[in-house]
Amino acid sequence: MADFNSMQEAVIGGNLPEATRLTQEALDEGTAPSAIVNDGLIPGMLVVGEKFKNNEFYVPEVLIAARAMKGAMALVKPFLKEGDMPALATVAIGTVQGDLHDIGKNLVAMMLEGAGFKVMDLGVDVSPEKFIEAVSDGASVVALSALLTTTMPNIGRTIEALKEAGLKDGVKVIIGGAPVTQAYCDEIGADGYSPDAGSCVDMLKALIA
Ligand code: B1M
């Protein structure tokens, strides 16, 4: 019987050797790969998100937890069959045009991936056209990050571009970043705002429920 509790603890503690050892052991015992992900790794990462949201964990703890999760996922991935692990949704995430900050955006991407979303990371300085392309390629959620007051309006411009392309109604747009607020979210007609990476997961889950 796979030790899912210890697997969760290994992810929460960012213990890469232990996370990979337990994952390999579970695979060798014949545990379903999807159970390893759903009952061992993802619940661990969700706890990390909660702790980050509550200021019990800081950026370094989240990064090492994500490293443990990724190491274990790399062992499981080759055994996951098509349809084994349907993603909650496909999220195209990027920092908006003109903005090169990516530390917060990467944390959000990691938390979403850890929670079972498929993430298309478009990087930094992402033009509205690139987000449109990602939606055409299958993304149903567009996640926009901005760290500068001068680039924050590009969140609104990206939403306008999605509307002009006739794609806005088919996607959820979520936004965040240091200067971004719920008031700005309401003003530009985005679907959801969250102040940090941990609460982004809860917010998006509620939005697509
Ligand atoms: Co820049 N920078 N920077 N910078 N930088 C800030 C943002 C600034 C506040 C510093 C300051 O003046 N006090 C200031 C902005 C002022 C303003 O606009 N009001 C600033 C400036 C001015 C600049 C330059 C213009 C400086 C210059 O060249 N004159 C320049 C701009 C370059 C550009 O983007 N075009 C610049 C450059 C840089 C570096 C390249 C040197 C570097 C970025 C490196 C990198 O990201 N790879 C950098 C850094 C590191 C910072 C600070 C110090 C830290 C940002 C950070 O990573 N925070 C920052 C000052 C500060 O915040 N103390 C500053 C940690 C990160 C975990 O938090 O990104 O807020 P954050 O993400 C959080 C939440 O915001 C939220 O979740 C995350 C985790 O909880 N979140 C989302 C973020 N995206 C989200 C998306 C969501 C939901 C939540 O949904 C989709």
# chains A, B, ... in the order shown; residues from 1 in each chain; ligands from 1

$ closest_atom_pairs --of "chain A" --to "ligand 1" --cutoff "7 Å" --atoms "only C-alpha atoms and all ligand atoms" --output "Markdown table"
| residue | atom | partner | partner_atom_place_in_ligand_line | distance |
| --- | --- | --- | --- | --- |
| A:Val59 | CA | ligand 1 | 67 (C) | 6.3 |
| A:Ile93 | CA | ligand 1 | 91 (C) | 6.7 |
| A:Gly98 | CA | ligand 1 | 35 (N) | 5.2 |
| A:Asp99 | CA | ligand 1 | 34 (O) | 3.6 |
| A:Leu100 | CA | ligand 1 | 34 (O) | 3.5 |
| A:His101 | CA | ligand 1 | 46 (O) | 3.2 |
| A:Asp102 | CA | ligand 1 | 46 (O) | 3.9 |
| A:Ile103 | CA | ligand 1 | 57 (O) | 4.5 |
| A:Gly104 | CA | ligand 1 | 72 (O) | 3.3 |
| A:Lys105 | CA | ligand 1 | 84 (N) | 4.5 |
| A:Leu107 | CA | ligand 1 | 79 (C) | 5.8 |
| A:Val108 | CA | ligand 1 | 77 (O) | 6.0 |
| A:Ala143 | CA | ligand 1 | 91 (C) | 3.9 |
| A:Leu144 | CA | ligand 1 | 91 (C) | 4.5 |
| A:Ser145 | CA | ligand 1 | 84 (N) | 4.1 |
| A:Ala146 | CA | ligand 1 | 84 (N) | 6.2 |
| A:Leu147 | CA | ligand 1 | 7 (C) | 4.9 |
| A:Leu148 | CA | ligand 1 | 18 (O) | 3.4 |
| A:Thr149 | CA | ligand 1 | 18 (O) | 4.0 |
| A:Thr150 | CA | ligand 1 | 18 (O) | 5.9 |
| A:Ile174 | CA | ligand 1 | 91 (C) | 4.9 |
| A:Ile175 | CA | ligand 1 | 91 (C) | 3.9 |
| A:Gly176 | CA | ligand 1 | 87 (C) | 3.5 |
| A:Gly177 | CA | ligand 1 | 75 (O) | 3.4 |
| A:Ala178 | CA | ligand 1 | 75 (O) | 4.0 |
| A:Pro179 | CA | ligand 1 | 19 (N) | 6.6 |
| A:Tyr193 | CA | ligand 1 | 90 (O) | 6.4 |
| A:Ser194 | CA | ligand 1 | 88 (C) | 4.9 |
| A:Pro195 | CA | ligand 1 | 89 (C) | 5.1 |
| A:Asp196 | CA | ligand 1 | 80 (O) | 3.5 |
| A:Ala197 | CA | ligand 1 | 77 (O) | 4.3 |
| A:Gly198 | CA | ligand 1 | 80 (O) | 6.9 |
| A:Cys200 | CA | ligand 1 | 88 (C) | 5.5 |

$ write_last_selection --atoms "N, CA, C and O atoms" --output "compact mmCIF listing (two decimals), in the first residue's frame"
# COMPACT_ATOMS: atom_id res chain seq x y z
N VAL A 59 8.65 32.39 -0.14
CA VAL A 59 9.01 31.97 -1.50
C VAL A 59 9.98 30.78 -1.52
O VAL A 59 9.75 29.81 -2.26
N ILE A 93 -0.58 31.22 -19.06
CA ILE A 93 -0.15 32.26 -18.11
C ILE A 93 1.04 33.03 -18.67
O ILE A 93 1.90 32.47 -19.36
N GLY A 98 5.66 44.30 -22.06
CA GLY A 98 6.46 45.38 -21.49
C GLY A 98 7.00 45.07 -20.10
O GLY A 98 7.80 45.83 -19.56
N ASP A 99 6.58 43.95 -19.53
CA ASP A 99 6.92 43.63 -18.14
C ASP A 99 7.78 42.37 -18.08
O ASP A 99 7.40 41.33 -18.64
N LEU A 100 8.93 42.49 -17.40
CA LEU A 100 9.89 41.37 -17.37
C LEU A 100 9.90 40.62 -16.05
O LEU A 100 10.69 39.70 -15.87
N HIS A 101 9.07 41.02 -15.10
CA HIS A 101 9.05 40.36 -13.79
C HIS A 101 8.39 38.98 -13.90
O HIS A 101 7.27 38.89 -14.39
N ASP A 102 9.07 37.95 -13.41
CA ASP A 102 8.44 36.62 -13.55
C ASP A 102 8.45 35.76 -12.29
O ASP A 102 7.99 34.61 -12.33
N ILE A 103 8.97 36.27 -11.19
CA ILE A 103 9.07 35.41 -9.98
C ILE A 103 7.67 35.07 -9.46
O ILE A 103 7.35 33.90 -9.22
N GLY A 104 6.81 36.08 -9.33
CA GLY A 104 5.44 35.84 -8.86
C GLY A 104 4.66 35.01 -9.85
O GLY A 104 3.94 34.07 -9.47
N LYS A 105 4.80 35.34 -11.14
CA LYS A 105 4.09 34.59 -12.18
C LYS A 105 4.49 33.11 -12.12
O LYS A 105 3.66 32.21 -12.24
N LEU A 107 5.55 31.43 -9.55
CA LEU A 107 4.95 30.81 -8.35
C LEU A 107 3.49 30.45 -8.62
O LEU A 107 3.03 29.37 -8.27
N VAL A 108 2.78 31.37 -9.26
CA VAL A 108 1.37 31.10 -9.58
C VAL A 108 1.29 29.87 -10.51
O VAL A 108 0.49 28.96 -10.29
N ALA A 143 -4.26 33.74 -17.73
CA ALA A 143 -3.79 34.27 -16.44
C ALA A 143 -2.74 35.33 -16.69
O ALA A 143 -1.69 35.07 -17.28
N LEU A 144 -3.05 36.57 -16.26
CA LEU A 144 -2.20 37.72 -16.58
C LEU A 144 -1.57 38.29 -15.32
O LEU A 144 -2.26 38.58 -14.34
N SER A 145 -0.25 38.46 -15.37
CA SER A 145 0.47 39.03 -14.24
C SER A 145 1.12 40.34 -14.66
O SER A 145 1.62 40.46 -15.78
N ALA A 146 1.09 41.34 -13.77
CA ALA A 146 1.77 42.61 -14.03
C ALA A 146 2.35 43.13 -12.72
O ALA A 146 1.70 43.07 -11.69
N LEU A 147 3.58 43.62 -12.80
CA LEU A 147 4.25 44.11 -11.57
C LEU A 147 4.49 45.61 -11.59
O LEU A 147 4.91 46.18 -10.59
N LEU A 148 4.26 46.24 -12.72
CA LEU A 148 4.54 47.67 -12.82
C LEU A 148 3.23 48.44 -13.02
O LEU A 148 2.34 47.95 -13.73
N THR A 149 3.17 49.62 -12.43
CA THR A 149 1.97 50.42 -12.65
C THR A 149 1.88 50.81 -14.14
O THR A 149 0.79 50.98 -14.66
N THR A 150 3.04 50.89 -14.80
CA THR A 150 3.03 51.28 -16.22
C THR A 150 2.59 50.13 -17.13
O THR A 150 2.16 50.38 -18.26
N ILE A 174 -8.00 35.59 -15.47
CA ILE A 174 -7.66 35.86 -14.07
C ILE A 174 -6.40 36.72 -14.03
O ILE A 174 -5.53 36.61 -14.89
N ILE A 175 -6.34 37.59 -13.02
CA ILE A 175 -5.25 38.57 -13.01
C ILE A 175 -4.64 38.72 -11.60
O ILE A 175 -5.27 38.39 -10.60
N GLY A 176 -3.43 39.22 -11.58
CA GLY A 176 -2.77 39.48 -10.31
C GLY A 176 -1.43 40.17 -10.50
O GLY A 176 -1.02 40.45 -11.63
N GLY A 177 -0.76 40.44 -9.39
CA GLY A 177 0.51 41.17 -9.42
C GLY A 177 0.44 42.32 -8.44
O GLY A 177 -0.66 42.77 -8.10
N ALA A 178 1.61 42.78 -8.00
CA ALA A 178 1.65 43.75 -6.91
C ALA A 178 0.72 44.97 -7.06
O ALA A 178 0.04 45.33 -6.10
N PRO A 179 0.66 45.64 -8.23
CA PRO A 179 -0.20 46.84 -8.29
C PRO A 179 -1.67 46.52 -8.56
O PRO A 179 -2.51 47.42 -8.54
N TYR A 193 -9.57 37.90 -9.53
CA TYR A 193 -8.31 38.48 -9.04
C TYR A 193 -7.91 37.73 -7.78
O TYR A 193 -8.77 37.33 -6.98
N SER A 194 -6.61 37.52 -7.62
CA SER A 194 -6.14 37.00 -6.32
C SER A 194 -4.85 37.70 -5.94
O SER A 194 -4.03 38.02 -6.81
N PRO A 195 -4.66 37.95 -4.66
CA PRO A 195 -3.48 38.69 -4.22
C PRO A 195 -2.21 37.85 -4.16
O PRO A 195 -1.12 38.39 -4.12
N ASP A 196 -2.35 36.51 -4.14
CA ASP A 196 -1.14 35.67 -4.05
C ASP A 196 -1.35 34.33 -4.73
O ASP A 196 -2.48 33.98 -5.12
N ALA A 197 -0.25 33.58 -4.84
CA ALA A 197 -0.28 32.33 -5.60
C ALA A 197 -1.17 31.27 -4.94
O ALA A 197 -1.84 30.50 -5.63
N GLY A 198 -1.19 31.23 -3.61
CA GLY A 198 -1.99 30.23 -2.92
C GLY A 198 -3.47 30.44 -3.15
O GLY A 198 -4.20 29.51 -3.50
N CYS A 200 -4.82 31.98 -5.53
CA CYS A 200 -5.16 31.91 -6.95
C CYS A 200 -5.79 30.55 -7.28
O CYS A 200 -6.74 30.47 -8.06

$ residues_around --residues "Lys163 of chain A" --least-positions-apart "4" --cutoff "12 Å" --atoms "only C-alpha atoms" --output "PyMOL selection string"
chain A and resi 128-129+131-132+156-159+167-173+188-190

$ select_by_dssp --residues "segment 46-193 of chain A" --states "strand (DSSP E)" --output "list in words"
Thr90, Val91, Ala92, Ile93, Gly94, Thr95, Val96, Lys118, Val119, Met120, Asp121, Leu122, Gly123, Val124, Asp125, Val126, Val141, Val142, Ala143, Leu144, Ser145, Lys172, Val173, Ile174, Ile175, Gly176, Gly192 and Tyr193 of chain A

$ closest_residue --among "A:Val37, A:Val142, A:Leu80, A:Ile155" --to "Glu187 of chain A" --atoms "only C-alpha atoms"
A:Ile155

$ residues_around --residues "Leu122 of chain A" --least-positions-apart "5" --cutoff "9 Å" --atoms "only C-alpha atoms" --output "number ranges by chain"
A: 92-95, 130-131, 134

$ write_last_selection --atoms "C-alpha atoms" --output "mmCIF file, in the first residue's frame"
data_model
loop_
_atom_site.group_PDB
_atom_site.id
_atom_site.type_symbol
_atom_site.label_atom_id
_atom_site.label_comp_id
_atom_site.auth_asym_id
_atom_site.auth_seq_id
_atom_site.Cartn_x
_atom_site.Cartn_y
_atom_site.Cartn_z
ATOM 1 C CA ALA A 92 -2.176 30.148 -20.507
ATOM 2 C CA ILE A 93 -0.151 32.263 -18.109
ATOM 3 C CA GLY A 94 2.226 35.120 -18.797
ATOM 4 C CA THR A 95 3.518 38.474 -17.637
ATOM 5 C CA LYS A 130 0.353 35.598 -28.071
ATOM 6 C CA PHE A 131 -2.439 35.136 -25.515
ATOM 7 C CA ALA A 134 -2.735 30.299 -26.810
#

$ closest_residue --among "A:Thr23, A:Val91, A:Met110, A:Met120" --to "Ala10 of chain A" --atoms "only C-alpha atoms"
A:Thr23

$ closest_residue --among "A:Leu41, A:Val141, A:Ala65, A:Val48" --to "Ala89 of chain A" --atoms "only C-alpha atoms"
A:Val141

$ residues_around --residues "Lys51 of chain A" --least-positions-apart "6" --cutoff "10 Å" --atoms "only C-alpha atoms" --output "ChimeraX atom specification"
/A:12,45,57-58,61-62,198

$ write_last_selection --atoms "all heavy atoms" --output "PDB file, in the first residue's frame"
ATOM      1  N   ILE A  12       5.560  18.721   1.015  1.00  0.00           N
ATOM      2  CA  ILE A  12       5.408  19.903   1.879  1.00  0.00           C
ATOM      3  C   ILE A  12       6.776  20.341   2.419  1.00  0.00           C
ATOM      4  O   ILE A  12       7.102  21.529   2.442  1.00  0.00           O
ATOM      5  CB  ILE A  12       4.441  19.606   3.062  1.00  0.00           C
ATOM      6  CG1 ILE A  12       3.034  19.306   2.539  1.00  0.00           C
ATOM      7  CG2 ILE A  12       4.396  20.786   4.044  1.00  0.00           C
ATOM      8  CD1 ILE A  12       2.110  18.645   3.556  1.00  0.00           C
ATOM      9  N   MET A  45       1.002  19.644  -2.364  1.00  0.00           N
ATOM     10  CA  MET A  45       1.213  20.972  -2.945  1.00  0.00           C
ATOM     11  C   MET A  45       0.079  21.922  -2.518  1.00  0.00           C
ATOM     12  O   MET A  45       0.306  23.128  -2.364  1.00  0.00           O
ATOM     13  CB  MET A  45       1.268  20.827  -4.470  1.00  0.00           C
ATOM     14  CG  MET A  45       2.098  21.864  -5.160  1.00  0.00           C
ATOM     15  SD  MET A  45       3.796  21.978  -4.566  1.00  0.00           S
ATOM     16  CE  MET A  45       4.198  23.620  -5.133  1.00  0.00           C
ATOM     17  N   PHE A  57       4.595  29.902   5.070  1.00  0.00           N
ATOM     18  CA  PHE A  57       5.674  29.563   4.139  1.00  0.00           C
ATOM     19  C   PHE A  57       6.017  30.816   3.337  1.00  0.00           C
ATOM     20  O   PHE A  57       5.130  31.640   3.053  1.00  0.00           O
ATOM     21  CB  PHE A  57       5.213  28.477   3.163  1.00  0.00           C
ATOM     22  CG  PHE A  57       5.499  27.063   3.605  1.00  0.00           C
ATOM     23  CD1 PHE A  57       5.832  26.773   4.908  1.00  0.00           C
ATOM     24  CD2 PHE A  57       5.428  26.014   2.698  1.00  0.00           C
ATOM     25  CE1 PHE A  57       6.087  25.467   5.317  1.00  0.00           C
ATOM     26  CE2 PHE A  57       5.673  24.706   3.080  1.00  0.00           C
ATOM     27  CZ  PHE A  57       6.003  24.439   4.390  1.00  0.00           C
ATOM     28  N   TYR A  58       7.289  30.946   2.939  1.00  0.00           N
ATOM     29  CA  TYR A  58       7.710  32.047   2.078  1.00  0.00           C
ATOM     30  C   TYR A  58       8.221  31.482   0.761  1.00  0.00           C
ATOM     31  O   TYR A  58       8.211  30.259   0.555  1.00  0.00           O
ATOM     32  CB  TYR A  58       8.748  32.908   2.807  1.00  0.00           C
ATOM     33  CG  TYR A  58       8.132  33.576   4.022  1.00  0.00           C
ATOM     34  CD1 TYR A  58       8.260  33.010   5.285  1.00  0.00           C
ATOM     35  CD2 TYR A  58       7.350  34.722   3.887  1.00  0.00           C
ATOM     36  CE1 TYR A  58       7.645  33.581   6.395  1.00  0.00           C
ATOM     37  CE2 TYR A  58       6.729  35.305   4.984  1.00  0.00           C
ATOM     38  CZ  TYR A  58       6.877  34.736   6.230  1.00  0.00           C
ATOM     39  OH  TYR A  58       6.251  35.294   7.301  1.00  0.00           O
ATOM     40  N   GLU A  61      10.481  28.239   0.478  1.00  0.00           N
ATOM     41  CA  GLU A  61       9.821  26.974   0.822  1.00  0.00           C
ATOM     42  C   GLU A  61       8.941  26.494  -0.334  1.00  0.00           C
ATOM     43  O   GLU A  61       8.878  25.299  -0.625  1.00  0.00           O
ATOM     44  CB  GLU A  61       8.953  27.121   2.084  1.00  0.00           C
ATOM     45  CG  GLU A  61       9.751  27.153   3.371  1.00  0.00           C
ATOM     46  CD  GLU A  61       9.776  28.536   3.968  1.00  0.00           C
ATOM     47  OE1 GLU A  61       9.820  29.515   3.208  1.00  0.00           O
ATOM     48  OE2 GLU A  61       9.765  28.631   5.204  1.00  0.00           O
ATOM     49  N   VAL A  62       8.267  27.468  -0.981  1.00  0.00           N
ATOM     50  CA  VAL A  62       7.402  27.087  -2.104  1.00  0.00           C
ATOM     51  C   VAL A  62       8.263  26.544  -3.251  1.00  0.00           C
ATOM     52  O   VAL A  62       7.918  25.547  -3.889  1.00  0.00           O
ATOM     53  CB  VAL A  62       6.562  28.289  -2.587  1.00  0.00           C
ATOM     54  CG1 VAL A  62       5.704  27.901  -3.781  1.00  0.00           C
ATOM     55  CG2 VAL A  62       5.675  28.800  -1.469  1.00  0.00           C
ATOM     56  N   GLY A 198      -1.186  31.228  -3.614  1.00  0.00           N
ATOM     57  CA  GLY A 198      -1.985  30.227  -2.919  1.00  0.00           C
ATOM     58  C   GLY A 198      -3.475  30.436  -3.145  1.00  0.00           C
ATOM     59  O   GLY A 198      -4.204  29.510  -3.505  1.00  0.00           O
TER      60      GLY A 198
END

$ atom_distance --atom1 "atom CA of Phe117 of chain A" --atom2 "atom CA of Ile64 of chain A"
19.5 Å
